[in-house]
>>> print(open('upload.txt').read())   # compact mmCIF, C-alpha atoms and all ligand atoms
# COMPACT_ATOMS: atom_id res chain seq x y z
CA MET J 1 120.74 106.33 60.81
CA ALA J 2 120.02 108.97 63.40
CA GLU J 3 116.49 110.29 63.52
CA ARG J 4 116.22 113.92 62.50
CA LEU J 5 114.21 116.07 64.94
CA SER J 6 112.95 119.52 64.06
CA PRO J 7 113.33 122.32 66.65
CA LEU J 8 109.58 122.15 67.35
CA ALA J 9 109.14 118.38 67.03
CA ARG J 10 107.33 118.30 70.37
CA PHE J 11 105.09 121.28 69.62
CA GLU J 12 101.39 120.37 69.51
CA PRO J 13 99.87 122.24 66.52
CA VAL J 14 96.89 124.51 67.12
CA SER J 15 93.94 124.20 64.78
CA THR J 16 90.68 125.98 65.53
CA ASP J 17 88.29 128.07 63.43
CA ASP J 18 90.06 131.20 64.65
CA LEU J 19 93.68 130.20 64.67
CA ARG J 20 96.17 127.78 63.18
CA ILE J 21 99.73 127.47 64.48
CA ALA J 22 102.03 124.74 63.22
CA GLU J 23 105.67 124.19 62.42
CA ILE J 24 106.77 123.67 58.83
CA PRO J 25 109.95 121.72 59.54
CA PHE J 26 113.00 121.07 57.37
CA LEU J 27 112.49 123.74 54.72
CA THR J 28 115.55 124.17 52.54
CA GLN J 29 116.92 127.66 53.11
CA VAL J 30 119.77 129.28 51.24
CA ASN J 31 121.31 132.66 51.99
CA LEU J 32 122.40 134.60 48.91
CA ARG J 33 124.74 137.60 48.76
CA VAL J 34 125.20 139.19 45.36
CA ASP J 35 125.23 142.63 43.73
CA PRO J 36 121.63 143.02 42.47
CA LYS J 37 122.87 144.78 39.32
CA SER J 38 125.27 141.98 38.36
CA ARG J 39 124.79 139.37 35.67
CA ALA J 40 125.02 136.72 38.40
CA ALA J 41 121.90 138.19 40.08
CA ALA J 42 120.04 138.13 36.76
CA ASP J 43 121.11 134.54 36.05
CA ILE J 44 120.02 133.40 39.51
CA GLY J 45 116.67 135.15 39.00
CA LEU J 46 116.24 133.27 35.72
CA ALA J 47 117.01 129.96 37.42
CA LEU J 48 114.46 130.71 40.13
CA GLY J 49 111.80 131.83 37.66
CA ALA J 50 111.50 135.36 39.08
CA PRO J 51 113.91 138.29 39.41
CA LEU J 52 115.40 138.85 42.87
CA PRO J 53 113.11 141.36 44.60
CA THR J 54 114.90 144.69 45.08
CA GLU J 55 112.12 146.52 46.91
CA PRO J 56 113.00 146.34 50.62
CA ASN J 57 110.87 144.02 52.75
CA THR J 58 109.14 142.20 49.92
CA TYR J 59 109.41 138.66 48.61
CA ALA J 60 108.83 136.95 45.30
CA SER J 61 107.29 133.52 44.92
CA ALA J 62 108.10 131.35 41.96
CA ASP J 63 109.92 128.06 42.12
CA SER J 64 110.91 129.06 45.67
CA ASP J 65 110.15 132.01 47.96
CA VAL J 66 112.82 134.70 47.64
CA PHE J 67 112.86 137.07 50.63
CA TRP J 68 114.61 140.45 50.58
CA LEU J 69 116.94 140.59 53.60
CA GLY J 70 119.08 143.55 52.56
CA PRO J 71 120.15 145.49 49.45
CA ASP J 72 122.50 142.65 48.44
CA GLU J 73 121.11 139.77 50.49
CA TRP J 74 118.22 137.35 50.08
CA LEU J 75 116.87 134.23 51.76
CA ILE J 76 115.70 131.61 49.30
CA VAL J 77 113.31 129.07 50.75
CA GLY J 78 112.45 125.95 48.79
CA ALA J 79 109.37 123.91 49.43
CA GLY J 80 110.29 120.99 51.69
CA ALA J 81 113.66 119.31 51.73
CA ARG J 82 115.09 120.39 48.41
CA ALA J 83 118.68 119.22 48.45
CA ASP J 84 119.17 120.50 44.91
CA LEU J 85 118.47 124.16 45.72
CA GLU J 86 122.00 125.22 46.70
CA PRO J 87 123.73 123.36 43.82
CA ARG J 88 121.22 124.81 41.36
CA LEU J 89 121.94 128.35 42.55
CA ARG J 90 125.68 127.69 42.36
CA ALA J 91 125.31 126.38 38.82
CA ALA J 92 123.27 129.46 37.84
CA ALA J 93 125.96 131.82 39.18
CA THR J 94 128.97 129.98 37.76
CA GLY J 95 128.93 131.56 34.29
CA ALA J 96 128.98 135.13 35.61
CA VAL J 97 131.53 134.34 38.32
CA GLU J 98 133.93 132.76 35.85
CA ALA J 99 133.45 135.58 33.33
CA GLY J 100 134.30 138.48 35.60
CA ARG J 101 135.01 139.95 38.97
CA VAL J 102 131.70 139.32 40.65
CA HIS J 103 131.52 137.85 44.13
CA VAL J 104 128.59 135.66 45.03
CA GLY J 105 127.90 134.04 48.40
CA ILE J 106 125.57 131.04 48.40
CA THR J 107 125.21 129.35 51.78
CA ASP J 108 122.86 126.63 52.93
CA VAL J 109 121.34 127.89 56.21
CA SER J 110 118.49 125.38 56.49
CA ALA J 111 119.36 124.48 60.07
CA GLN J 112 119.56 128.12 61.17
CA ARG J 113 115.82 128.77 61.35
CA THR J 114 112.63 126.81 61.45
CA ALA J 115 109.31 128.08 60.15
CA LEU J 116 105.91 128.46 61.77
CA VAL J 117 102.64 129.05 59.98
CA VAL J 118 100.27 131.34 61.86
CA GLY J 119 96.91 131.48 60.12
CA GLY J 120 93.22 132.04 60.68
CA PRO J 121 91.10 135.15 61.37
CA LYS J 122 92.95 135.88 64.64
CA ALA J 123 96.49 135.43 63.28
CA ARG J 124 97.12 139.15 62.84
CA ASP J 125 95.80 140.02 66.30
CA LEU J 126 97.92 137.30 67.86
CA LEU J 127 101.16 138.49 66.23
CA ALA J 128 100.34 142.10 67.12
CA HIS J 129 100.65 141.15 70.80
CA GLY J 130 104.41 140.98 70.38
CA CYS J 131 105.30 142.84 67.19
CA ALA J 132 105.72 146.60 66.82
CA LEU J 133 105.09 146.62 63.07
CA ASP J 134 101.76 147.65 61.62
CA LEU J 135 100.49 144.31 60.30
CA HIS J 136 97.34 145.72 58.70
CA PRO J 137 96.94 144.35 55.15
CA ARG J 138 97.13 147.92 53.86
CA THR J 139 100.80 148.11 54.87
CA PHE J 140 101.69 144.43 55.36
CA GLY J 141 99.71 142.46 52.79
CA PRO J 142 100.65 139.35 50.81
CA GLY J 143 104.11 139.66 49.30
CA ARG J 144 105.50 141.73 52.16
CA CYS J 145 108.08 140.48 54.64
CA ALA J 146 110.13 142.00 57.44
CA GLN J 147 112.97 141.11 59.71
CA THR J 148 111.86 142.38 63.08
CA MET J 149 111.27 141.40 66.69
CA LEU J 150 108.40 139.18 67.78
CA ALA J 151 108.19 138.93 71.57
CA ARG J 152 111.83 140.16 71.65
CA ALA J 153 112.98 137.29 69.42
CA GLN J 154 114.44 138.13 66.04
CA VAL J 155 112.21 136.79 63.25
CA LEU J 156 111.58 137.00 59.55
CA LEU J 157 107.87 137.59 59.18
CA ALA J 158 106.06 137.13 55.86
CA ALA J 159 102.44 137.83 54.94
CA ARG J 160 100.81 135.32 52.63
CA GLU J 161 97.45 135.05 50.86
CA GLY J 162 94.37 134.50 53.00
CA GLY J 163 95.66 136.41 56.03
CA GLU J 164 98.27 133.75 56.75
CA PHE J 165 101.77 134.44 58.07
CA ARG J 166 105.06 132.60 58.00
CA VAL J 167 107.37 133.19 60.94
CA PHE J 168 111.00 132.16 60.48
CA VAL J 169 112.79 131.97 63.81
CA ARG J 170 116.25 130.84 64.89
CA SER J 171 116.18 127.19 65.92
CA SER J 172 117.39 128.00 69.44
CA PHE J 173 114.57 130.55 69.92
CA ALA J 174 111.83 128.38 68.39
CA GLY J 175 110.76 126.68 71.61
CA TYR J 176 110.52 130.00 73.41
CA LEU J 177 108.58 131.63 70.58
CA ALA J 178 106.14 128.73 70.24
CA ALA J 179 105.49 128.85 73.99
CA TRP J 180 104.97 132.60 73.80
CA LEU J 181 102.53 132.22 70.88
CA LEU J 182 100.48 129.67 72.83
CA ASP J 183 100.43 131.94 75.86
CA ALA J 184 99.44 135.01 73.83
CA ALA J 185 96.75 132.95 72.04
CA VAL J 186 94.90 131.99 75.22
CA GLU J 187 92.13 134.51 74.61
CA TYR J 188 91.55 133.20 71.07
CA LEU J 189 91.38 129.53 71.98
CA PRO J 190 88.28 127.74 73.27
CA MET E 1 111.03 154.71 72.61
CA LEU E 2 112.70 156.26 69.58
CA LEU E 3 111.43 155.53 66.10
CA ILE E 4 114.58 155.32 64.00
CA PRO E 5 114.47 155.81 60.22
CA CYS E 6 116.34 152.94 58.56
CA PRO E 7 117.07 154.04 54.98
CA TRP E 8 116.07 150.56 53.77
CA CYS E 9 113.25 149.48 56.09
CA GLY E 10 111.70 152.81 57.09
CA PRO E 11 110.88 153.79 60.67
CA ARG E 12 111.46 151.00 63.19
CA ASP E 13 111.61 150.66 66.96
CA GLU E 14 114.81 151.66 68.74
CA ALA E 15 115.05 148.10 70.13
CA GLU E 16 115.91 146.83 66.62
CA PHE E 17 119.05 148.97 66.42
CA ARG E 18 122.55 149.20 67.79
CA TYR E 19 124.19 152.56 68.27
CA GLY E 20 127.49 153.06 66.46
CA GLY E 21 128.65 156.39 67.88
CA GLN E 22 129.88 159.45 66.03
CA ALA E 23 129.98 159.25 62.24
CA HIS E 24 132.84 160.30 59.96
CA VAL E 25 135.69 159.41 62.34
CA ALA E 26 138.41 158.57 59.83
CA TYR E 27 140.94 155.83 60.50
CA PRO E 28 144.42 157.39 60.80
CA GLU E 29 146.44 157.10 57.59
CA ASP E 30 149.56 155.95 59.39
CA PRO E 31 148.61 154.65 62.86
CA ALA E 32 152.23 153.70 63.67
CA ALA E 33 153.28 157.34 63.33
CA LEU E 34 150.86 158.54 66.02
CA SER E 35 151.89 159.34 69.56
CA ASP E 36 150.09 157.52 72.36
CA GLU E 37 148.03 160.61 73.02
CA GLU E 38 147.02 161.00 69.36
CA TRP E 39 146.06 157.32 69.19
CA ALA E 40 144.02 157.62 72.38
CA ARG E 41 142.28 160.67 70.94
CA TYR E 42 141.36 158.69 67.83
CA LEU E 43 140.11 155.73 69.88
CA PHE E 44 138.28 157.37 72.74
CA PHE E 45 137.56 161.04 72.13
CA ARG E 46 134.22 161.95 70.57
CA ASP E 47 132.15 165.08 70.21
CA ASN E 48 129.26 165.49 72.60
CA PRO E 49 127.21 168.36 71.24
CA LYS E 50 123.87 169.62 72.42
CA GLY E 51 122.08 169.77 69.08
CA ARG E 52 122.78 168.22 65.71
CA PHE E 53 125.06 165.20 65.77
CA ALA E 54 126.02 162.94 62.85
CA GLU E 55 126.01 159.38 64.12
CA ARG E 56 126.04 155.76 62.96
CA TRP E 57 123.38 153.16 63.59
CA ASN E 58 123.09 149.50 62.67
CA HIS E 59 119.70 147.92 62.05
CA THR E 60 120.76 144.77 63.90
CA ALA E 61 117.35 143.06 64.20
CA GLY E 62 116.32 144.05 60.67
CA CYS E 63 118.36 144.42 57.50
CA ARG E 64 121.65 144.58 59.47
CA ARG E 65 122.96 147.55 57.44
CA TRP E 66 124.99 150.44 58.85
CA PHE E 67 123.80 153.94 58.05
CA ASN E 68 124.49 157.53 59.02
CA VAL E 69 121.89 159.85 60.39
CA VAL E 70 121.84 163.33 61.91
CA ARG E 71 120.02 163.50 65.22
CA ASP E 72 119.33 166.48 67.42
CA THR E 73 120.59 165.30 70.80
CA ALA E 74 118.42 167.82 72.64
CA THR E 75 115.10 166.93 70.98
CA ASN E 76 115.80 163.45 69.52
CA GLU E 77 114.55 164.81 66.20
CA TRP E 78 115.96 163.04 63.12
CA VAL E 79 117.24 165.80 60.88
CA SER E 80 118.34 163.72 57.90
CA ALA E 81 118.95 160.09 57.04
ZN ZN N 201 116.79 148.17 57.97
>>> encode(input="upload.txt", output="C-alpha cells", more="lines below")
Ligand SMILES: [Zn+2]
Amino acid sequence: MAERLSPLARFEPVSTDDLRIAEIPFLTQVNLRVDPKSRAAADIGLALGAPLPTEPNTYASADSDVFWLGPDEWLIVGAGARADLEPRLRAAATGAVEAGRVHVGITDVSAQRTALVVGGPKARDLLAHGCALDLHPRTFGPGRCAQTMLARAQVLLAAREGGEFRVFVRSSFAGYLAAWLLDAAVEYLP
Amino acid sequence: MLLIPCPWCGPRDEAEFRYGGQAHVAYPEDPAALSDEEWARYLFFRDNPKGRFAERWNHTAGCRRWFNVVRDTATNEWVSA
C-alpha cells in the first residue's frame, strides 16, 4: 500500500513559549450546499448536533466543526480521518431529498486543503503580518471564521479558544504558506 | 486600496474581489433575432459615467458571492450595497 503523505509532511513544527505552528494533517472535510431554510438543512444540523450557522463568518462546534462559507455553503470538518462523515451527512439529507424538490450537494473535499494550528501569545501578531482583517478578539474571537487572504494565499481562518487559530489552506499553497509563516515568525523565535 | 462592502462579509480589501462590470445588463430575449451590431452592443458596449454607477462584484477570495453595488466613479464612494 502506498504511503500517504500530507502536504506539509516535511514541515518541522514550531513549539516555543510564544508560538506554536504545526500541521493537522488528514482532517476529513466535507463541503455542503443546501438551502438553510430547508428541512434537509435542519436534518443535517440534527445529525451534526448543532444547527448550521447562518451568521456569516462564524462556525459551530459540536460533533464536527461547521464553518460558514456562504449563505448556502458550509465546510464541515471532522476530527481526524472520519470516513463516515460524508455518508452520515448523505443519510441525514436523504429523507428531505426524497420527500421534495430540495437540492443538496455533499462533497468530500478532504484533499483540497490541509490545516495548520497557529497558537501561543504571538499567534495573532504573526498572522497580522499577512492578513488585512482585524484579528483582535473583540472582532475575531472564538467562534469566528473568515475566508480571506493570508500572505496573498486564500485561506479559511478560524479563531479558537485560548488565542489559537486554525488556518485551512489549499494543499498546493501549503508549502508556500508554511515557509512564509516561518519567515514572518523570525522575530518571535529564539 | 478600496474597502469594498460585501453584503455577507462586511468591508474587505479590494484584493479579495473580482470586478464584474456594469450591473443590470439583461441577456437578449431572442439573441438569434439580433443584428451583428445589436449583438456587439450587448456584448461590448457599457456605460462609463462620471458619478454613480451600478456595478457587479464577486467576493472571490471570501464567500464567492456576486453582488450589486452603486459606486461613485469620481470619488470611489460606495453609495449603496
Ligand atoms: Zn463575502
>>> residues_around(input="upload.txt", residues="Thr16 in chain J", least_positions_apart="4", cutoff="9 Å", atoms="only C-alpha atoms", output="list in words")
Arg20, Gly120, Leu189 and Pro190 of chain J
>>> atom_distance(input="upload.txt", atom1="CA of Thr94 in chain J", atom2="CA of Ala40 in chain J")
7.8 Å
>>> closest_residue(input="upload.txt", among="J:Pro51, J:Gly78, J:Pro56, J:Gly45", to="Gln147 in chain J", atoms="only C-alpha atoms")
J:Pro56
>>> closest_residue(input="upload.txt", among="J:Ala146, J:Leu133, J:Ala91, J:Ala22", to="ligand ZN 201 (chain N)", atoms="only C-alpha atoms and all ligand atoms")
J:Ala146
>>> atom_distance(input="upload.txt", atom1="CA of Ser15 in chain J", atom2="CA of Gly162 in chain J")
15.7 Å
>>> residues_around(input="upload.txt", residues="Arg82 in chain J", least_positions_apart="4", cutoff="12 Å", atoms="all atoms listed in the file", output="count of residues only")
15
>>> residues_around(input="upload.txt", residues="range 10-17 of chain E", least_positions_apart="3", cutoff="12 Å", atoms="all atoms listed in the file", output="PDB file with C-alpha atoms, in the coordinates of the input")
ATOM      1  CA  GLU J  55     112.120 146.520  46.910  1.00  0.00           C
ATOM      2  CA  PRO J  56     113.000 146.340  50.620  1.00  0.00           C
ATOM      3  CA  ASN J  57     110.870 144.020  52.750  1.00  0.00           C
ATOM      4  CA  CYS J 131     105.300 142.840  67.190  1.00  0.00           C
ATOM      5  CA  ALA J 132     105.720 146.600  66.820  1.00  0.00           C
ATOM      6  CA  LEU J 133     105.090 146.620  63.070  1.00  0.00           C
ATOM      7  CA  ASP J 134     101.760 147.650  61.620  1.00  0.00           C
ATOM      8  CA  ALA J 146     110.130 142.000  57.440  1.00  0.00           C
ATOM      9  CA  GLN J 147     112.970 141.110  59.710  1.00  0.00           C
ATOM     10  CA  THR J 148     111.860 142.380  63.080  1.00  0.00           C
ATOM     11  CA  MET J 149     111.270 141.400  66.690  1.00  0.00           C
ATOM     12  CA  LEU J 150     108.400 139.180  67.780  1.00  0.00           C
ATOM     13  CA  ALA J 151     108.190 138.930  71.570  1.00  0.00           C
ATOM     14  CA  ARG J 152     111.830 140.160  71.650  1.00  0.00           C
ATOM     15  CA  ALA J 153     112.980 137.290  69.420  1.00  0.00           C
ATOM     16  CA  GLN J 154     114.440 138.130  66.040  1.00  0.00           C
ATOM     17  CA  VAL J 155     112.210 136.790  63.250  1.00  0.00           C
TER      18      VAL J 155
ATOM     19  CA  MET E   1     111.030 154.710  72.610  1.00  0.00           C
ATOM     20  CA  LEU E   2     112.700 156.260  69.580  1.00  0.00           C
ATOM     21  CA  LEU E   3     111.430 155.530  66.100  1.00  0.00           C
ATOM     22  CA  ILE E   4     114.580 155.320  64.000  1.00  0.00           C
ATOM     23  CA  PRO E   5     114.470 155.810  60.220  1.00  0.00           C
ATOM     24  CA  CYS E   6     116.340 152.940  58.560  1.00  0.00           C
ATOM     25  CA  PRO E   7     117.070 154.040  54.980  1.00  0.00           C
ATOM     26  CA  GLY E  20     127.490 153.060  66.460  1.00  0.00           C
ATOM     27  CA  ARG E  56     126.040 155.760  62.960  1.00  0.00           C
ATOM     28  CA  TRP E  57     123.380 153.160  63.590  1.00  0.00           C
ATOM     29  CA  ASN E  58     123.090 149.500  62.670  1.00  0.00           C
ATOM     30  CA  HIS E  59     119.700 147.920  62.050  1.00  0.00           C
ATOM     31  CA  THR E  60     120.760 144.770  63.900  1.00  0.00           C
ATOM     32  CA  ALA E  61     117.350 143.060  64.200  1.00  0.00           C
ATOM     33  CA  GLY E  62     116.320 144.050  60.670  1.00  0.00           C
ATOM     34  CA  CYS E  63     118.360 144.420  57.500  1.00  0.00           C
ATOM     35  CA  ARG E  64     121.650 144.580  59.470  1.00  0.00           C
ATOM     36  CA  ARG E  65     122.960 147.550  57.440  1.00  0.00           C
ATOM     37  CA  TRP E  66     124.990 150.440  58.850  1.00  0.00           C
ATOM     38  CA  PHE E  67     123.800 153.940  58.050  1.00  0.00           C
ATOM     39  CA  ASN E  76     115.800 163.450  69.520  1.00  0.00           C
ATOM     40  CA  TRP E  78     115.960 163.040  63.120  1.00  0.00           C
ATOM     41  CA  ALA E  81     118.950 160.090  57.040  1.00  0.00           C
TER      42      ALA E  81
END
>>> residues_around(input="upload.txt", residues="Arg46 in chain E", least_positions_apart="3", cutoff="9 Å", atoms="all atoms listed in the file", output="PyMOL selection string")
chain E and resi 21-22+25+41-43
>>> atom_distance(input="upload.txt", atom1="CA of Cys145 in chain J", atom2="CA of Phe165 in chain J")
9.4 Å
>>> closest_residue(input="upload.txt", among="J:Asp17, J:Arg170, J:Arg90, J:Arg160", to="Ala47 in chain J", atoms="only C-alpha atoms")
J:Arg90
>>> closest_residue(input="upload.txt", among="J:Asp84, J:Glu3, J:Asp72, J:Asp183", to="chain E", atoms="only C-alpha atoms")
J:Asp72
>>> closest_residue(input="upload.txt", among="J:Pro25, J:Pro71, J:Pro36, J:Gly49", to="ligand ZN 201 (chain N)", atoms="all atoms listed in the file")
J:Pro71
>>> closest_residue(input="upload.txt", among="J:Trp68, J:Phe168, J:Tyr59, J:Phe11", to="chain E", atoms="only C-alpha atoms")
J:Trp68
>>> residues_around(input="upload.txt", residues="Pro13 in chain J", least_positions_apart="4", cutoff="10 Å", atoms="all atoms listed in the file", output="PyMOL selection string")
chain J and resi 8+20-23+116-117+178+182
>>> axis_aligned_box(input="upload.txt", around="range 121-140 of chain J", padding_each_side="5 Å", output="lines of an AutoDock Vina configuration file")
center_x = 98.4
center_y = 141.6
center_z = 62.3
size_x = 24.6
size_y = 23.0
size_z = 26.9
>>> build_atoms(input="upload.txt", residues="range 63-81 of chain E", atoms="N, CA, C and O atoms", output="PDB file, in the frame of the given file")
ATOM      1  N   CYS E  63     117.559 144.693  58.695  1.00  0.00           N
ATOM      2  CA  CYS E  63     118.360 144.420  57.500  1.00  0.00           C
ATOM      3  C   CYS E  63     119.864 144.357  57.797  1.00  0.00           C
ATOM      4  O   CYS E  63     120.649 144.036  56.920  1.00  0.00           O
ATOM      5  N   ARG E  64     120.263 144.680  59.023  1.00  0.00           N
ATOM      6  CA  ARG E  64     121.650 144.580  59.470  1.00  0.00           C
ATOM      7  C   ARG E  64     122.603 145.491  58.702  1.00  0.00           C
ATOM      8  O   ARG E  64     123.779 145.210  58.585  1.00  0.00           O
ATOM      9  N   ARG E  65     122.085 146.601  58.143  1.00  0.00           N
ATOM     10  CA  ARG E  65     122.960 147.550  57.440  1.00  0.00           C
ATOM     11  C   ARG E  65     123.322 148.685  58.382  1.00  0.00           C
ATOM     12  O   ARG E  65     122.517 149.102  59.224  1.00  0.00           O
ATOM     13  N   TRP E  66     124.558 149.211  58.175  1.00  0.00           N
ATOM     14  CA  TRP E  66     124.990 150.440  58.850  1.00  0.00           C
ATOM     15  C   TRP E  66     124.482 151.621  58.051  1.00  0.00           C
ATOM     16  O   TRP E  66     124.417 151.568  56.819  1.00  0.00           O
ATOM     17  N   PHE E  67     124.150 152.711  58.754  1.00  0.00           N
ATOM     18  CA  PHE E  67     123.800 153.940  58.050  1.00  0.00           C
ATOM     19  C   PHE E  67     124.118 155.137  58.942  1.00  0.00           C
ATOM     20  O   PHE E  67     124.268 155.000  60.151  1.00  0.00           O
ATOM     21  N   ASN E  68     124.229 156.287  58.296  1.00  0.00           N
ATOM     22  CA  ASN E  68     124.490 157.530  59.020  1.00  0.00           C
ATOM     23  C   ASN E  68     123.200 158.325  59.120  1.00  0.00           C
ATOM     24  O   ASN E  68     122.373 158.301  58.207  1.00  0.00           O
ATOM     25  N   VAL E  69     123.081 159.027  60.205  1.00  0.00           N
ATOM     26  CA  VAL E  69     121.890 159.850  60.390  1.00  0.00           C
ATOM     27  C   VAL E  69     122.271 161.034  61.260  1.00  0.00           C
ATOM     28  O   VAL E  69     123.225 160.957  62.049  1.00  0.00           O
ATOM     29  N   VAL E  70     121.604 162.165  61.054  1.00  0.00           N
ATOM     30  CA  VAL E  70     121.840 163.330  61.910  1.00  0.00           C
ATOM     31  C   VAL E  70     120.687 163.457  62.884  1.00  0.00           C
ATOM     32  O   VAL E  70     119.533 163.518  62.488  1.00  0.00           O
ATOM     33  N   ARG E  71     121.038 163.427  64.167  1.00  0.00           N
ATOM     34  CA  ARG E  71     120.020 163.500  65.220  1.00  0.00           C
ATOM     35  C   ARG E  71     120.267 164.728  66.067  1.00  0.00           C
ATOM     36  O   ARG E  71     121.409 165.099  66.323  1.00  0.00           O
ATOM     37  N   ASP E  72     119.197 165.373  66.471  1.00  0.00           N
ATOM     38  CA  ASP E  72     119.330 166.480  67.420  1.00  0.00           C
ATOM     39  C   ASP E  72     119.323 165.874  68.818  1.00  0.00           C
ATOM     40  O   ASP E  72     118.337 165.295  69.250  1.00  0.00           O
ATOM     41  N   THR E  73     120.454 165.985  69.504  1.00  0.00           N
ATOM     42  CA  THR E  73     120.590 165.300  70.800  1.00  0.00           C
ATOM     43  C   THR E  73     119.732 165.945  71.887  1.00  0.00           C
ATOM     44  O   THR E  73     119.518 165.341  72.931  1.00  0.00           O
ATOM     45  N   ALA E  74     119.255 167.161  71.628  1.00  0.00           N
ATOM     46  CA  ALA E  74     118.420 167.820  72.640  1.00  0.00           C
ATOM     47  C   ALA E  74     116.952 167.422  72.478  1.00  0.00           C
ATOM     48  O   ALA E  74     116.216 167.300  73.468  1.00  0.00           O
ATOM     49  N   THR E  75     116.530 167.188  71.221  1.00  0.00           N
ATOM     50  CA  THR E  75     115.100 166.930  70.980  1.00  0.00           C
ATOM     51  C   THR E  75     114.847 165.511  70.461  1.00  0.00           C
ATOM     52  O   THR E  75     113.697 165.103  70.345  1.00  0.00           O
ATOM     53  N   ASN E  76     115.911 164.774  70.141  1.00  0.00           N
ATOM     54  CA  ASN E  76     115.800 163.450  69.520  1.00  0.00           C
ATOM     55  C   ASN E  76     115.092 163.506  68.163  1.00  0.00           C
ATOM     56  O   ASN E  76     114.512 162.516  67.716  1.00  0.00           O
ATOM     57  N   GLU E  77     115.157 164.662  67.513  1.00  0.00           N
ATOM     58  CA  GLU E  77     114.550 164.810  66.200  1.00  0.00           C
ATOM     59  C   GLU E  77     115.547 164.307  65.158  1.00  0.00           C
ATOM     60  O   GLU E  77     116.743 164.627  65.244  1.00  0.00           O
ATOM     61  N   TRP E  78     115.082 163.529  64.174  1.00  0.00           N
ATOM     62  CA  TRP E  78     115.960 163.040  63.120  1.00  0.00           C
ATOM     63  C   TRP E  78     115.997 164.093  62.031  1.00  0.00           C
ATOM     64  O   TRP E  78     114.971 164.381  61.415  1.00  0.00           O
ATOM     65  N   VAL E  79     117.152 164.679  61.806  1.00  0.00           N
ATOM     66  CA  VAL E  79     117.240 165.800  60.880  1.00  0.00           C
ATOM     67  C   VAL E  79     117.381 165.304  59.453  1.00  0.00           C
ATOM     68  O   VAL E  79     116.757 165.814  58.542  1.00  0.00           O
ATOM     69  N   SER E  80     118.210 164.283  59.240  1.00  0.00           N
ATOM     70  CA  SER E  80     118.340 163.720  57.900  1.00  0.00           C
ATOM     71  C   SER E  80     118.829 162.288  58.023  1.00  0.00           C
ATOM     72  O   SER E  80     119.461 161.927  59.008  1.00  0.00           O
ATOM     73  N   ALA E  81     118.519 161.491  57.013  1.00  0.00           N
ATOM     74  CA  ALA E  81     118.950 160.090  57.040  1.00  0.00           C
ATOM     75  C   ALA E  81     120.045 159.872  56.011  1.00  0.00           C
ATOM     76  O   ALA E  81     120.212 160.664  55.119  1.00  0.00           O
TER      77      ALA E  81
END
